[in-house]
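Below: upload_34.csv (CSV, C-alpha atoms)
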```
chain,number,residue,atom,x,y,z
A,1,MET,CA,-50.2,-20.5,117.9
A,2,ILE,CA,-48.2,-21.6,114.9
A,3,TYR,CA,-46.4,-24.9,115.0
A,4,THR,CA,-43.9,-26.3,112.5
A,5,LYS,CA,-44.6,-29.4,110.6
A,6,GLU,CA,-42.1,-31.3,112.7
A,7,ILE,CA,-44.0,-30.5,115.9
A,8,GLU,CA,-47.4,-31.3,114.3
A,9,ASN,CA,-46.1,-34.8,113.4
A,10,MET,CA,-44.9,-35.5,117.0
A,11,CYS,CA,-47.0,-37.7,119.3
A,12,PRO,CA,-48.0,-36.1,122.6
A,13,VAL,CA,-46.3,-36.9,125.9
A,14,ALA,CA,-48.1,-36.1,129.1
A,15,LYS,CA,-46.5,-33.8,131.6
A,16,GLY,CA,-45.9,-35.4,135.0
A,17,ALA,CA,-45.3,-33.5,138.2
A,18,LYS,CA,-46.2,-29.9,138.4
A,19,HIS,CA,-43.0,-27.9,139.2
A,20,GLU,CA,-44.0,-24.7,140.9
A,21,PRO,CA,-41.6,-21.7,141.0
A,22,ALA,CA,-39.4,-21.7,144.1
A,23,PRO,CA,-41.3,-19.8,146.9
A,24,ILE,CA,-39.7,-16.5,147.9
A,25,PRO,CA,-40.1,-14.8,151.4
A,26,GLU,CA,-41.9,-11.6,151.2
A,27,GLU,CA,-43.8,-9.7,153.9
A,28,GLY,CA,-44.0,-12.6,156.3
A,29,LYS,CA,-45.3,-15.1,153.6
A,30,TRP,CA,-43.7,-17.6,151.2
A,31,VAL,CA,-45.0,-16.7,147.7
A,32,HIS,CA,-44.9,-18.6,144.4
A,33,SER,CA,-44.5,-15.6,142.2
A,34,LYS,CA,-46.1,-16.1,138.8
A,35,GLU,CA,-47.3,-12.6,138.0
A,36,ILE,CA,-46.0,-9.1,138.8
A,37,LYS,CA,-48.9,-8.6,141.3
A,38,ASP,CA,-47.5,-11.4,143.3
A,39,ILE,CA,-44.4,-9.3,144.2
A,40,SER,CA,-44.3,-7.2,147.4
A,41,GLY,CA,-41.4,-5.9,149.5
A,42,PHE,CA,-39.3,-3.0,150.6
A,43,THR,CA,-35.7,-3.0,149.5
A,44,HIS,CA,-32.8,-1.1,148.1
A,45,GLY,CA,-30.6,-1.1,145.0
A,46,ILE,CA,-27.2,0.5,144.4
A,47,GLY,CA,-26.2,1.7,140.9
A,48,TRP,CA,-23.4,3.5,139.2
A,49,CYS,CA,-23.1,5.4,136.0
A,50,ALA,CA,-21.1,4.4,132.9
A,51,PRO,CA,-17.9,6.4,133.5
A,52,GLN,CA,-18.3,5.3,137.2
A,53,GLN,CA,-18.2,8.9,138.5
A,54,GLY,CA,-21.4,8.7,140.4
A,55,ALA,CA,-23.7,6.4,142.3
A,56,CYS,CA,-27.4,6.0,143.3
A,57,LYS,CA,-29.1,4.4,146.2
A,58,LEU,CA,-32.7,3.6,145.3
A,59,SER,CA,-35.3,2.4,147.8
A,60,LEU,CA,-38.7,1.2,146.7
A,61,ASN,CA,-41.7,0.0,148.7
A,62,VAL,CA,-43.7,-2.4,146.4
A,63,LYS,CA,-47.2,-3.6,147.2
A,64,GLU,CA,-48.8,-6.2,145.0
A,65,GLY,CA,-46.4,-5.3,142.1
A,66,VAL,CA,-47.0,-1.5,142.3
A,67,ILE,CA,-44.5,1.0,143.6
A,68,GLU,CA,-46.1,2.9,146.4
A,69,GLU,CA,-43.0,4.7,147.7
A,70,ALA,CA,-39.7,5.7,146.2
A,71,LEU,CA,-36.6,7.2,147.7
A,72,VAL,CA,-33.8,8.3,145.3
A,73,GLU,CA,-30.4,9.3,146.8
A,74,THR,CA,-27.5,10.2,144.5
A,75,ILE,CA,-23.9,11.4,144.7
A,76,GLY,CA,-22.0,12.5,141.7
A,77,CYS,CA,-22.5,15.0,138.9
A,78,SER,CA,-25.1,17.8,139.1
A,79,GLY,CA,-27.2,16.2,136.3
A,80,MET,CA,-27.6,13.2,138.5
A,81,THR,CA,-29.5,15.1,141.2
A,82,HIS,CA,-31.9,16.5,138.6
A,83,SER,CA,-32.3,13.1,137.1
A,84,ALA,CA,-33.3,11.8,140.6
A,85,ALA,CA,-36.0,14.4,140.7
A,86,MET,CA,-37.4,13.1,137.4
A,87,ALA,CA,-37.1,9.5,138.5
A,88,ALA,CA,-39.0,10.1,141.7
A,89,GLU,CA,-41.9,11.5,139.6
A,90,ILE,CA,-41.7,8.6,137.2
A,91,LEU,CA,-41.5,5.7,139.6
A,92,GLN,CA,-44.5,5.9,142.0
A,93,GLY,CA,-47.6,4.2,140.6
A,94,LYS,CA,-45.7,2.1,138.1
A,95,THR,CA,-45.5,-1.7,138.4
A,96,ILE,CA,-42.0,-2.9,139.2
A,97,LEU,CA,-41.7,-4.4,135.7
A,98,GLU,CA,-42.8,-1.1,134.1
A,99,ALA,CA,-40.1,0.7,136.2
A,100,LEU,CA,-37.5,-1.8,135.1
A,101,ASN,CA,-38.3,-1.1,131.5
A,102,THR,CA,-38.5,2.7,131.9
A,103,ASP,CA,-35.7,5.1,131.2
A,104,LEU,CA,-35.0,6.7,134.6
A,105,VAL,CA,-32.9,9.3,133.0
A,106,CYS,CA,-29.5,8.6,134.6
A,107,ASP,CA,-27.4,5.4,134.1
A,108,ALA,CA,-26.8,5.2,137.9
A,109,ILE,CA,-30.5,5.2,138.7
A,110,ASN,CA,-31.3,2.7,135.9
A,111,THR,CA,-28.6,0.4,137.2
A,112,ALA,CA,-29.9,0.8,140.8
A,113,MET,CA,-33.4,-0.2,139.5
A,114,ARG,CA,-31.9,-3.3,137.9
A,115,GLU,CA,-30.1,-4.3,141.1
A,116,LEU,CA,-33.2,-3.6,143.2
A,117,PHE,CA,-35.4,-5.7,140.9
A,118,LEU,CA,-33.0,-8.7,141.4
A,119,GLN,CA,-33.2,-8.2,145.1
A,120,ILE,CA,-37.0,-8.1,145.3
A,121,VAL,CA,-37.9,-10.9,142.9
A,122,TYR,CA,-35.5,-13.3,144.7
A,123,GLY,CA,-37.0,-12.4,148.1
A,124,ARG,CA,-33.9,-10.6,149.4
A,125,SER,CA,-35.8,-7.6,150.7
A,126,GLN,CA,-35.6,-5.7,154.0
A,127,SER,CA,-39.2,-6.7,154.6
A,128,ALA,CA,-39.0,-10.4,153.7
A,129,PHE,CA,-39.9,-11.7,157.1
A,130,SER,CA,-41.9,-8.7,158.5
A,131,ASP,CA,-45.6,-9.4,158.8
A,132,ASP,CA,-47.5,-7.5,156.1
A,133,GLY,CA,-44.3,-5.7,155.2
A,134,LEU,CA,-43.3,-2.1,156.0
A,135,ALA,CA,-45.8,0.8,156.0
A,136,VAL,CA,-45.6,3.3,153.2
A,137,GLY,CA,-43.4,6.0,154.6
A,138,ALA,CA,-40.7,3.6,155.8
A,139,GLY,CA,-38.3,5.1,153.3
A,140,LEU,CA,-38.2,8.3,155.2
A,141,GLU,CA,-36.8,6.5,158.2
A,142,ASP,CA,-33.6,6.0,156.3
A,143,LEU,CA,-33.1,9.8,156.3
A,144,GLY,CA,-33.6,10.3,160.0
A,145,LYS,CA,-35.4,13.2,161.7
A,146,GLY,CA,-33.8,15.9,159.5
A,147,LEU,CA,-34.9,14.2,156.3
A,148,ARG,CA,-31.5,14.5,154.8
A,149,SER,CA,-29.3,11.8,153.3
A,150,GLN,CA,-26.6,10.6,155.6
A,151,VAL,CA,-23.4,11.3,153.7
A,152,GLY,CA,-19.8,10.7,154.7
A,153,THR,CA,-17.1,12.8,152.9
A,154,MET,CA,-13.5,12.3,153.8
A,155,TYR,CA,-10.4,13.6,152.1
A,156,ALA,CA,-6.7,12.6,152.7
A,157,THR,CA,-3.3,13.1,151.3
A,158,LYS,CA,-0.1,11.2,152.2
A,159,GLU,CA,1.6,14.6,152.7
A,160,LYS,CA,-0.9,16.2,155.0
A,161,GLY,CA,-3.1,13.4,156.4
A,162,VAL,CA,-6.9,13.1,156.7
A,163,ARG,CA,-9.7,15.7,156.7
A,164,TYR,CA,-13.2,14.9,157.9
A,165,LEU,CA,-15.6,17.0,155.9
A,166,GLU,CA,-19.0,15.5,156.4
A,167,MET,CA,-20.2,12.9,158.9
A,168,ALA,CA,-23.5,11.3,159.6
A,169,GLU,CA,-24.2,14.0,162.2
A,170,GLY,CA,-23.6,16.8,159.7
A,171,TYR,CA,-21.1,19.3,158.3
A,172,VAL,CA,-17.7,19.0,160.1
A,173,THR,CA,-16.4,22.4,161.3
A,174,GLY,CA,-13.4,21.3,163.3
A,175,ILE,CA,-11.1,18.3,163.8
A,176,ALA,CA,-9.7,17.7,167.3
A,177,LEU,CA,-6.0,16.7,167.4
A,178,ASP,CA,-3.9,15.5,170.3
A,179,ALA,CA,-0.2,16.2,171.0
A,180,ASP,CA,0.9,13.8,168.3
A,181,ASN,CA,-1.4,15.5,165.7
A,182,GLU,CA,-3.7,12.4,165.6
A,183,VAL,CA,-7.5,12.8,165.3
A,184,ILE,CA,-9.3,12.3,168.6
A,185,GLY,CA,-12.7,13.8,167.7
A,186,TYR,CA,-14.6,16.4,165.6
A,187,GLN,CA,-17.0,19.2,165.9
A,188,PHE,CA,-20.0,19.5,163.6
A,189,VAL,CA,-23.1,21.5,162.8
A,190,SER,CA,-26.3,19.7,161.7
A,191,LEU,CA,-27.5,21.8,158.7
A,192,GLY,CA,-30.9,20.1,158.8
A,193,LYS,CA,-31.5,21.2,162.4
A,194,MET,CA,-30.1,24.6,161.7
A,195,THR,CA,-32.5,25.2,158.8
A,196,ASP,CA,-35.4,24.0,161.0
A,197,PHE,CA,-34.4,26.4,163.8
A,198,ILE,CA,-34.3,29.3,161.2
A,199,LYS,CA,-37.7,28.3,159.8
A,200,LYS,CA,-39.1,28.5,163.4
A,201,GLY,CA,-37.9,32.0,163.8
A,202,ASP,CA,-34.3,31.8,165.2
A,203,ASP,CA,-31.7,34.2,163.6
A,204,PRO,CA,-28.9,32.4,161.7
A,205,ASN,CA,-26.3,32.8,164.5
A,206,THR,CA,-28.6,31.4,167.2
A,207,ALA,CA,-29.6,28.6,164.9
A,208,TRP,CA,-25.9,27.8,164.2
A,209,GLU,CA,-25.1,27.6,167.9
A,210,LYS,CA,-28.1,25.4,168.7
A,211,ALA,CA,-27.3,23.0,165.9
A,212,LYS,CA,-23.6,22.5,166.9
A,213,GLY,CA,-22.3,19.3,168.5
A,214,GLN,CA,-19.1,17.3,168.9
A,215,TYR,CA,-18.0,13.7,169.0
A,216,GLY,CA,-15.0,12.0,170.6
A,217,ARG,CA,-12.4,13.5,173.0
A,218,VAL,CA,-12.8,17.1,171.8
A,219,ALA,CA,-12.2,18.4,175.4
A,220,ASP,CA,-8.8,16.7,175.4
A,221,ALA,CA,-7.6,18.3,172.2
A,222,VAL,CA,-4.3,20.2,172.0
A,223,LYS,CA,-5.7,22.0,169.0
A,224,ILE,CA,-8.7,22.1,166.7
A,225,ILE,CA,-8.3,22.7,163.0
A,226,ASP,CA,-10.7,23.8,160.3
A,227,PRO,CA,-10.6,20.8,157.8
A,228,ARG,CA,-11.3,23.1,154.9
A,229,GLN,CA,-8.8,25.8,155.6
A,230,GLU,CA,-5.9,24.3,157.7
```

Would you kindly transcribe this structure into structure tokens?
Amino acid sequence: MIYTKEIENMCPVAKGAKHEPAPIPEEGKWVHSKEIKDISGFTHGIGWCAPQQGACKLSLNVKEGVIEEALVETIGCSGMTHSAAMAAEILQGKTILEALNTDLVCDAINTAMRELFLQIVYGRSQSAFSDDGLAVGAGLEDLGKGLRSQVGTMYATKEKGVRYLEMAEGYVTGIALDADNEVIGYQFVSLGKMTDFIKKGDDPNTAWEKAKGQYGRVADAVKIIDPRQE
């Protein structure tokens, strides 16, 4: 350690009370975090790219500073989805500090990593008060049984009104309208379930029928329109 002459000439003053870092809640404990290995938690970060044309939801399960599980979900340009594939390979096994200082290829994913880091080091994690945290694999629960991101896609114009295109249940095939042309429900097909049925041996038409469903007062509809064609 190199000290300037001014410091060398100063007389020593003893330090009084020991001021610990503020404890943060993580995995059912209150932790004074001093090193990266003191950090544990499961949480999410949302990021966006520089021209703000895409976004990323990043979910990490960190145990004693090391990323044990990573879920990367993106919406935006095609390059972003390929960046997500690379980021998922990069993230697991790194410490959270390493990940913060690693180029995760896409601006949106890098920003999500920054936002997630802030959440987790300040104890604002999903697992802050869960005893021993969440098991590795908890990230898949966000995707549901079909292991597909839940995406909502809606489109509307003042001239022609709203079109539901994709809901949490799946791909919207029809919008139910009443006598006033107001939406009262929708029909959908779960593409994840359909794919699973096909993998199990069903022909595509059978799988399509088995994966269909509806929500709302579809039975009361005066007409049902195709949101992509009508």

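The residue that comes closest to His32 of chain A, out of A:Val121, A:Leu91, A:Glu69, A:Ile46 and on the basis of only C-alpha atoms, is A:Val121.
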
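Among A:Lys94, A:Lys223, A:Arg114, A:Lys200, the residue with the shortest atom-to-atom distance to Tyr186 of chain A, counting only C-alpha atoms, is A:Lys223.
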
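Taking atom CA of Glu64 of chain A and atom CA of Ala85 of chain A as endpoints, the distance between them is 24.6 Å.
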
Using only C-alpha atoms, determine which residues lie at most 6 Å from segment 22-30 of chain A, disregarding the query and same-chain residues fewer than 3 positions distant; provide the list as a JSON list (two decimals) with C-alpha atoms, keeping the file's coordinate frame.
```json
[["chain", "number", "residue", "atom", "x", "y", "z"],
["A", 41, "GLY", "CA", -41.40, -5.90, 149.50],
["A", 123, "GLY", "CA", -37.00, -12.40, 148.10],
["A", 127, "SER", "CA", -39.20, -6.70, 154.60],
["A", 128, "ALA", "CA", -39.00, -10.40, 153.70],
["A", 129, "PHE", "CA", -39.90, -11.70, 157.10],
["A", 130, "SER", "CA", -41.90, -8.70, 158.50],
["A", 131, "ASP", "CA", -45.60, -9.40, 158.80],
["A", 132, "ASP", "CA", -47.50, -7.50, 156.10],
["A", 133, "GLY", "CA", -44.30, -5.70, 155.20]]
```

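Reported to one decimal place, the separation of atom CA of Pro227 of chain A from atom CA of Met167 of chain A is 12.5 Å.
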
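For Ala135 of chain A, the list of residues within 10 Å, based on only C-alpha atoms and with local chain neighbours fewer than 4 positions off taken out, reads Phe42, Asn61, Lys63, Glu68, Glu69 and Gly139 of chain A.
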
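Candidate residues A:Val162, A:Ala207, A:Ile75, A:Ala99 were compared for distance to Ala87 of chain A, and the nearest is A:Ala99, using only C-alpha atoms.
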